[in-house]
Every structure is written in C-alpha cells, then in structure tokens.
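Heads up: the structure comes next, in structure tokens.
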Amino acid sequence: MKKASALLLICLAANLSFAQTKKIDQVNTFKVKNSGSILNKEKDVDGYYFFYELDKLKKGDREFAIKILDKNLTEVAQKTYIDNKNTFLMTSSFNNQQMMFALANYKEKKITLLMFDKKAEQMPAIDIPLESKEIRYFQYLQQTGDFNIVLPVENKGFVFNKLEDNKKIGYSLKYYPTDGGKAWEYNSPEESKEFLTINPIEANDKFVVALEMSKSSVFSRKITIKTKVLDINTGALLYEKEYSKKSHPKLITNAFLDKDNNLLLMGEYFKEGDNIFDDKSLGLSTEVIDATGKTLYENFISWKDDVAKIAKVDGNYIQDKGYIYFHNVVRTKTNEYYAIGEFYKRTASASGIAMAALGGGNSVTQLTITNSVVFKFSPDFKLLAIQEFEKGKSRAPSLTDFGSPQLNAHALKAYGAFDYAYTQVDKVNDRFYACFIDYERLKGEKNKNAFKTIICDEGKLTEDKIYLESDNKDFRVMPAKLGNVLLMEYDKKSKTIDLHLEKLNIK
Amino acid sequence: MKKITCILFLFLFFFAQSQNKGFTYTPSNIDSLETYLSKITVNRVKNFDTSEQKKAKEILEERRISFSKSIKDSAFIFDPIINNYLRDILTEIYHANPQIDHQDFYFIINKSLVPNAACYGNGVFAVNLGLFNLAESEDEIASVLCHEISHHLLRHNDKSLQKYIKTFNSKEVKQKINTATKVKYGRRAVVAELMKDLNFNFMKYSRNAEMQADSLGLALFSKTKYSKDASITILKKLDLCDGMIFSSQTNLKENFTFAEYPFKENWVMQEDKIFDTTESVNDLKPEKDSLKTHPDIPIRIETMLKNQKLNASGLTTSQLEVIKKRISENALQIYSDNYKLDIVLYQLLSQHEKGLIDDPTFNIGISLLLKKVYVLKETHVFGKYVDPVNAFSEEKNLNEIRLFLSNIELKNIRKIGLYFCQKNEISVKENPVFQENYAFFKKLNQN
C-alpha cells in the first residue's frame, strides 16, 4: 500500500527578495524532477537531494540544479549542472568522502557519474556510454528494486553496476576509488551464452560481495546463482559459490561480512533438483564462508518442523499461516539474527474471475498480503522466536496463475505490492527499524494510511505508528537519520510543504 | 533599526505562572484600531501620483490586511505599563521637536524578543520587546525611536514604494523584463542578472535611507534631554548582539545526570557532516553585500561621530528596570506558548546557572518542559515546533540543546522526568504544577 503522493515541489529562487511580477515569478518557479534520500549501505540517511531544472539552454541542453540538504534538513549545497534535456537523476550515494549522483540520459545513451568532494566542489564527471539493449535491461532491473546501481564503500570508493551488451546480456562492475586507490573493472565473459546480471550487496575495506544470476534467456525459469567475492583494491575474483538446481538450490537474500572477514549468506533453501522460481522453499538457510571460500558452517531451518514448532502450529506452517516474503535480515551486536517479512497467500480474485468469465485475460488469482512477521535466530541460526504484527490485508493480482506463489511474490515485490518500505540498522544502539506503510480499515471512521515501524531495542520488538491522513494534507514519508522519519506534509490549500523530522518511538 | 536573527543576552528570568502578570494580546479598542488603519492607508495612497495610486493602493491594502492579521495572530502585546513608559519617552521627543506632526502616529509593541524597531511609513511604528531588554537606558530607547520617526518624516517607505512602482512601471524596465522573459534559451540567467541589478539599486537606496535616518534621528534626539552618547551605545549593542547570542553556559549534562540515571554522551554526540564547509555552498547565491538593506554598524557609528560631538552616557531608570522585569516574567511564557522548547530550555538552564532564576521556578519550568517534549514526541509533532540542529550555526550552546532534545527518546524522557522531579521535589513540594508533572512521570514509569 505504498502511497504514491504526487507532490509538486515548487522551489522559488532564493535570490529573489522582490517577487514583483508574475512574469518573473513564473521564470523562477522550478519543478522538482527527482527528490530522494541520500543513503549509505545501512540505509541510514546522510541527507536529501532535490534535482530540478532551472533553465532551457541551446542545443537541447538544460541548466539543472541539485539542492542538497543534510540529515537535519539544513541546506548544505545547491550546485548547478548543465546537461541534455533528457537527463534524469537515477540515484545518489555518499561514502563519507564523496557524494555521487548517477544521472542518466537514455536518449543520448549514457550515464554520467557526478561527484562532489567534501568541500562540495565538483570532481571531473565520468561518462559511461550505453547501448540500446543495455538501457532496456537497466529499466527492467531498476523496477525490481533489488538492483544496486551504486554501492558505496565507506571511505574507499563506489562500485557502479553496469549492464553490458555482450553476446547476450552481461555486466561490468566498475570501481571508482575516492581514497586515492586504483580503479578497476570486473566483467562477465563477453562470449558467454548466458544472460548474466550481478548485484553488489555488501562491501568493506577488503571485499565486495556480489550475487551473479545466470539464465539461458530473460524468461528462463532455470537460474544459477553465484556468490562472488572480489578484492576491493584490485577487483580480482577471490572465490565464488554456486547455487543451482542441481547443487544446493538457494535464493540468497542477504550477505554480511564480519570482522574476521568471514562471509555469512542467508536465504531460502530448496530441495535438490527444485527450481527456486517454480517450487516451494523448504525453509531458511545460513552459510558461513571464510576468506578462502571454504564453508565453515551451514544451517537449515525447515518450515515444516522447526518453524511450525516455534509458531505452535500443528501441521504445515505455510499451509496454516501462508508464505512469508522476507525483505531483510538484520544481525545484532550479539550475533543474533532477525528476519523481517510479510505473510502472503494466493487466493481467488473475484474481479479476476468475473473478468475471465467475460473473456478477459486477467489472472483469476491474487496474492493477499497480511501481517508483518519477525523471525529471531540465535548466533548459530537456531530459530528462537516468531512475532507477528497486525497489518491490514492488501491484495495484488497474480502476474500469472502458474508458477509458485514465491515467484509471484518476487515479481510483485518489484511493483511495490508489499507494504514493506525499508529497514534501517542502528549499529551503535544495536537496534533496527523495519518500516511498513499500511492501509488501515477502521470501524466507524475513515480508512487511513499508517506508517508502522517495528523497532527492535534491547531484544524487544515494539511497534510505532504514525497516521498519514489529515484534512487538506497530503503526506509523503521518506527515510531519515537513524531512529527518525521525515514527514513531508503538503498543504493542498496553501500549496506549501512542511518537512519535519520525527523520532520513531520505542514504547 | 538593525535586523538581527536573534536574541536576548540580557535576559532575566522569572517564570510567571500567574495569569495576572501576563501580557494581553488583544487590544481593547480593536474596532477603532481597524478604522484607524483603514483611514491611514487611504490617506497614504493620496501621497502618490495619480498614475501610481492604483498599484500603491493594491500594495498598501495588502500590507494593511497582513498587519491586521498579525494583530489577530497575537504578534503584538497591549500592556499599559510598557505603553505608558513608551508614551513618556515620545512626549519628551515631541516636546523637544514640536515640528513633528504626530497626530496620526501609533506605536505598537511587538512581542518578538529580537532587539528591533520598525517604521511602517503610514504612522504606525512597532517596537520589539527585545529592544527594551537590550537597552540599558531610556536614552537608548529614545534614540531608536528618533531614528524610526526620521524614517517617517523623510517618507522613506513611500519613496521606496514609489521607486519600486516607478521602476516596474518604467518603459525601460518593462522592456527589460519582457525581453528577459521572452528569451528562449538561458532565460533564468538573464532574469537573475536583471534582478541582481534591480535588487542592487533597491538595496543601495535602502542603505542610503538608513544613513539619512541616522542623521535626522540624531538631530531630533539632540534636542531632547537625553544623553546623545546613547545613539552610539545602542548601535554598538546591536552590533555586538549577534556575537553574544546563546553564548551563556548551560551545563546541560550536570542538570540532567542522576545517580539512578546518568547522562548519556550519545544524547549530544556530534553528527557526521556531508561537506566540510562553514556555510552552505550555493552556485546561485548572489554576492552578500548586494543584499544588505543596512550599512554596517561601524560605518554608521563613524558617520554619526563625524557629524556630532558625543559624550556622557545615560542611566538606567527604575522604570526601565520594571519593564525589563516584566518582559523577563513573560518571555518564557511567550516561547513556551509557541512551543519553542529549545529556547525555553536554553533560557532556563543559562539563567539558572547565572543565579537569575530561583530553584523553584527552574524546577517547575524544567518539569513542565520535559512533559511538553514527551507529549510532542509521542504524537510525532515535535519536529514541527523545535528546529533541528543547524550545522552552520554559531550558536553552539543552543545547538547542543537542540541535539539533546532531538536525540532523547520517550524512554529517556520518562526516566529524566521522574528522576528530575524526585531530586528536586523538596524545593517545590507545594507547587501544584510541579506535582502534576511529577505525577505524570510517576505514572509513565509504572508501566
């Protein structure tokens, strides 16, 4: 139920102390093209950006401005930038040394990496040319939401993830150092007959961890996942682990590098020979791998036995409660793990059936998304507890009536069908904040959108709630600095926007 | 006078709980005040050339409505003690300068604690409460009043408005605007350049007007019984005011550490900055000097000293002391009513530290503040009222307080509130406000 608030942000030029005429007003009224949070790897907010067009220039060029606010909403910079009219801001990132903005222009087939140093001075821009095919896949993969175009490496550099128009589709991980180190690229083989994509998910001052997906075609349901670990300073492949239909089928969702540089992978596991897209998972798995690629430890928690026992469900947990889509896994200082997810079930869709009966091609099933749920695991990955948090039902039509509900869930995740918004990890206070936007159906009053946060503090899970409804006001929620949320209140009457940071409350 | 971002450094605090001490925000004669405002607005329009009257009427009417709204929104206070005090000073100025036609003058007190005064150009003048706090003598206040009256006598507001209307009605500017707005490419830069030129001219005019008002103001002031030196001392104070803002010690940690619940360093831990700059880096910002409405104070002082021989200084009268005390008694309430809890906490801590407020007042004030912070945070509206930390602010102590208020969580406030009340219960045992706050925190800690 993510609310897509169409907020029209009007920025008036700050240098106008006399707004005398309508003409001048109009010239200096700018529409924001993009805005968003500047996030680090932990989804902690370092600031906010507003990207807007200032002026029309010759030869199809535009003068753009990027306004940067810090995490406390103080404007720290407003930088101008000239580029073609079709330029848009894809993403931003901050690694403690530099701020990076990835600006794309699909018409001119290029991505520009714009970086600013700690003095807010612009560094030489990096242009990355794109092929038409690469653009198509970029657009497709960005929709999935789980595709990191830029991964910041704290105090080291940035990893840029580019698709390559090889024989089929390949990738190129490009590393841009900010600490005076060496730039490198790690590319998939040009002649590969596979459809190869990669997603860098974790990095520290020694390694980059990326998940490589290979399929014979885009629509193929046979997938092989490889976890690749590269040297952050050279880009050399240190080791890789393969999970395929034949060998340990797993759907890896999270990776952590610990202080000993061991890699911990978490995800769902499947029966040998099963397809992760078509078949039902057997449960959750974890694997610890050392710096040489040797598996030190592997653990499995089955839905049927382990989860059902803790949840005190007779029979099959999944049949009783529904499937769970895990959005994130958080590790605490004491090495306990919390997996954050939402329940979903495939149910019949009344409108889908009606439309199908009328000859429409609609899906007759839908996914019904219900409560959020948190699984707690011990350091050796034993399931300790399950806690549910009530949430209203939301429904999304199945993309296909065939295939597993998991496949549908993964596909629907890309369309924002789930209520999950994001998770922030507070390492200092050993907490996490898992945020959802729920549409509450209330008895005797108007239904309301609510921003709900499950907070884990001192091992206890509590929930905080902020209603996002008010007369004449439109709300938008954005991530904020740890433990806070940014509320953007748009007053429809006065056409003003009120931005305020609010603490998420631990009850 | 000088427009200042903030506030009070000579601030005595006695947190007034009793209603009879409070200020009144509604004038007893609101209807006649409205009639007066309408009348002076109509009269003022007549000062303009026929060709300018339509535009002038439009602007002046807009200003009248906005002013009336400010009165209704409680921006001004109506206090007989302060009004009488002001009236006495004005009587002296008018007596010494019989040529001043003050029949249509109306002085109003703005509740703002920023030391400032304003001339609206239609006969209405506003004096901020902050000016009474900053001034150390009646003479200094009289000097500021003479400066503002001079703006009126020199018709600076009307001339400025005329200049504005003339500029934008002139064929040349109209053509420039038309040309600029019709530019197909690079329009913003062309308009920005045009605005820069226009702004520069307006600001230059404004700075010249200030120098003129200083000069005439000093001439009017010289005829009064007041010490001429006051015109320099008050300017110096206004200049210094910026550097003295929120510079008092607060001892935040000492006040909020308890044996059962020590102060946590992460409540005031400095946050990482995106850029290592001391101010916002803005590619679109025009040069600072071109935006100044007032000349630098040292230049104004130098000019005034050149023109007049000044010596001797004024003395604080007992009447001004009464006014200052009265403002002090109400200042916390003004901030508290506006939920400016960061400033309330700063004032409570710094004034208690200086011994300017007694223990019971301090303890009641803090317990009430903690309760308010708790309620605002619980309902997720705290950020609407209390400003977050500003990375570029030089107000270090206030910034630390903002950091503290922003970082403390409900569970912290529950404990801080309880232990604070527990520790200080003896000094304010009988006070019902304190007891109510104590009970509030006791109840929160039961769960």
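Labels used: A, B, ... for chains in the order of the structure tokens, numbers from 1 for residues in each chain, and numbers from 1 for ligands as shown.
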
Counting only C-alpha atoms, what are the residues of region 84-142 of chain A within 8 Å of region 157-181 of chain A, and for each of them which pair of atoms is the nearest and at what distance in Å, to one decimal? Sort the table by chain and rising number, as a Markdown table.
```
| residue | atom | partner | partner_atom | distance |
| --- | --- | --- | --- | --- |
| A:Asn95 | CA | A:Gly157 | CA | 6.8 |
| A:Gln97 | CA | A:Thr178 | CA | 6.6 |
| A:Gln98 | CA | A:Thr178 | CA | 6.9 |
| A:Glu131 | CA | A:Asp165 | CA | 6.6 |
| A:Lys133 | CA | A:Asp165 | CA | 6.3 |
| A:Glu134 | CA | A:Leu163 | CA | 5.6 |
| A:Tyr137 | CA | A:Leu163 | CA | 7.5 |
| A:Phe138 | CA | A:Leu163 | CA | 7.0 |
```

| said: Using DSSP assignments from the backbone, pull out every residue in region 113-320 of chain A that falls under helix (DSSP H, G or I) and give it to me as a ChimeraX atom specification. | reply: /A:132-143,303-310,317-320

| request: Determine the nearest neighbour of Asp457 (chain A) from the options A:Leu504, A:Leu499, A:Ile135, A:Leu211, counting only C-alpha atoms. | output: A:Leu504

Which residues are close to Asn199 (chain A), i.e. within 9 Å by only C-alpha atoms, leaving aside same-chain residues fewer than 6 positions away? Reply as an mmCIF file with C-alpha atoms, in the first residue's frame.
```cif
data_model
loop_
_atom_site.group_PDB
_atom_site.id
_atom_site.type_symbol
_atom_site.label_atom_id
_atom_site.label_comp_id
_atom_site.auth_asym_id
_atom_site.auth_seq_id
_atom_site.Cartn_x
_atom_site.Cartn_y
_atom_site.Cartn_z
ATOM 1 C CA ASP A 146 16.711 -5.153 -5.572
ATOM 2 C CA PHE A 147 19.221 -3.918 -8.106
ATOM 3 C CA ASN A 148 22.023 -1.776 -6.719
ATOM 4 C CA ILE A 149 23.330 0.553 -9.402
ATOM 5 C CA ASN A 161 26.968 -1.779 -11.654
ATOM 6 C CA VAL A 209 30.271 -9.380 -2.305
ATOM 7 C CA ALA A 210 28.019 -9.666 -5.329
ATOM 8 C CA LEU A 211 25.336 -12.098 -6.415
ATOM 9 C CA GLU A 212 25.571 -13.188 -10.025
ATOM 10 C CA MET A 213 22.441 -14.557 -11.693
#
```

| request: With a distance threshold of 6 Å and counting only C-alpha atoms, extract the residues of chain B near chain A and express them as a list in words. | output: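 For chain B, the answer reads Tyr185, Gly186, Arg188, Phe275, Asp276, Thr277, Ser280, Val281, Asn282, Asp283, His380, Gly383, Lys384 and Pro388 of chain B.
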
| task | Name the residues in contact with region 417-430 of chain B at a cut-off of 12 Å, using only C-alpha atoms, excluding same-chain residues fewer than 6 positions from it; report them as number ranges by chain. | result | B: 254-263, 358-374, 408-411, 436-446

| Point-to-point distance from CA of Phe475 (chain A) to CA of Val381 (chain B), Å rounded to tenths |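 Here the two named atoms are 13.6 Å from each other.
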
| task | Compile the contact shell of Ser74 (chain B) as a list in words: residues with an atom at most 8 Å away, counting only C-alpha atoms, same-chain residues fewer than 3 positions apart removed. | result | Tyr25, Thr26, Ser70, Ile71 and Ile77 of chain B

Export, as an mmCIF file, in the first residue's frame, the selected residues with C-alpha atoms.
```
data_model
loop_
_atom_site.group_PDB
_atom_site.id
_atom_site.type_symbol
_atom_site.label_atom_id
_atom_site.label_comp_id
_atom_site.auth_asym_id
_atom_site.auth_seq_id
_atom_site.Cartn_x
_atom_site.Cartn_y
_atom_site.Cartn_z
ATOM 1 C CA TYR B 25 -2.541 40.129 23.065
ATOM 2 C CA THR B 26 -5.832 41.712 22.058
ATOM 3 C CA SER B 70 -0.680 39.927 12.771
ATOM 4 C CA ILE B 71 -2.661 41.666 15.498
ATOM 5 C CA ILE B 77 1.121 42.909 23.040
#
```

| message | as a ChimeraX atom specification, please: the residues near Cys119 (chain B) (cut-off 9 Å, only C-alpha atoms, same-chain neighbours under 5 positions excluded). | response | /B:124-127,148-149,151-152,157

Selection export as a CSV table (one decimal), in the first residue's frame, atoms kept: N, CA and C atoms:
```
chain,number,residue,atom,x,y,z
B,124,VAL,N,2.3,54.1,11.7
B,124,VAL,CA,2.4,53.0,12.6
B,124,VAL,C,3.9,52.6,12.8
B,125,PHE,N,4.3,52.5,14.1
B,125,PHE,CA,5.6,52.1,14.4
B,125,PHE,C,5.5,50.9,15.4
B,126,ALA,N,6.5,50.0,15.2
B,126,ALA,CA,6.5,48.8,16.1
B,126,ALA,C,7.8,48.8,16.9
B,127,VAL,N,7.7,48.5,18.2
B,127,VAL,CA,9.0,48.4,19.0
B,127,VAL,C,8.9,47.0,19.6
B,148,GLU,N,13.5,55.9,14.0
B,148,GLU,CA,12.3,55.4,13.3
B,148,GLU,C,11.4,56.5,12.9
B,149,ILE,N,11.3,57.5,13.7
B,149,ILE,CA,10.4,58.7,13.4
B,149,ILE,C,11.0,59.4,12.2
B,151,HIS,N,12.6,58.1,9.7
B,151,HIS,CA,12.2,57.3,8.5
B,151,HIS,C,10.9,57.8,8.0
B,152,HIS,N,10.0,58.0,9.0
B,152,HIS,CA,8.6,58.5,8.6
B,152,HIS,C,8.7,59.9,8.1
B,157,ASN,N,9.5,55.1,3.4
B,157,ASN,CA,8.7,54.0,2.9
B,157,ASN,C,7.9,54.3,1.6
```

| Computed interatomic separation between CA of Leu367 (chain A) and CA of Phe326 (chain A) (Å) |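 Between these atoms lies a distance of 15.1 Å.
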
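CA of Leu383 (chain A) lies 27.3 Å from CA of Leu482 (chain A).
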
| message | Can you tell me which residues surround Lys176 (chain B) at a distance of at most 10 Å, considering only C-alpha atoms, apart from same-chain residues fewer than 6 positions away, and format the answer as a PyMOL selection string? | response | chain B and resi 168+170+182+190-191+194

| said: To test your reading of the structure, identify every residue in region 409-479 of chain A that backbone DSSP assigns to strand (DSSP E), and report it as a ChimeraX atom specification. | reply: /A:420-426,431-440,448-457,460-467,473-479

| field | Pick from B:Val114, B:Leu198, B:Val45, B:Leu218 nearest to Ala135 (chain B), counting only C-alpha atoms | value |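 Closest residue, counting only C-alpha atoms: B:Val114.
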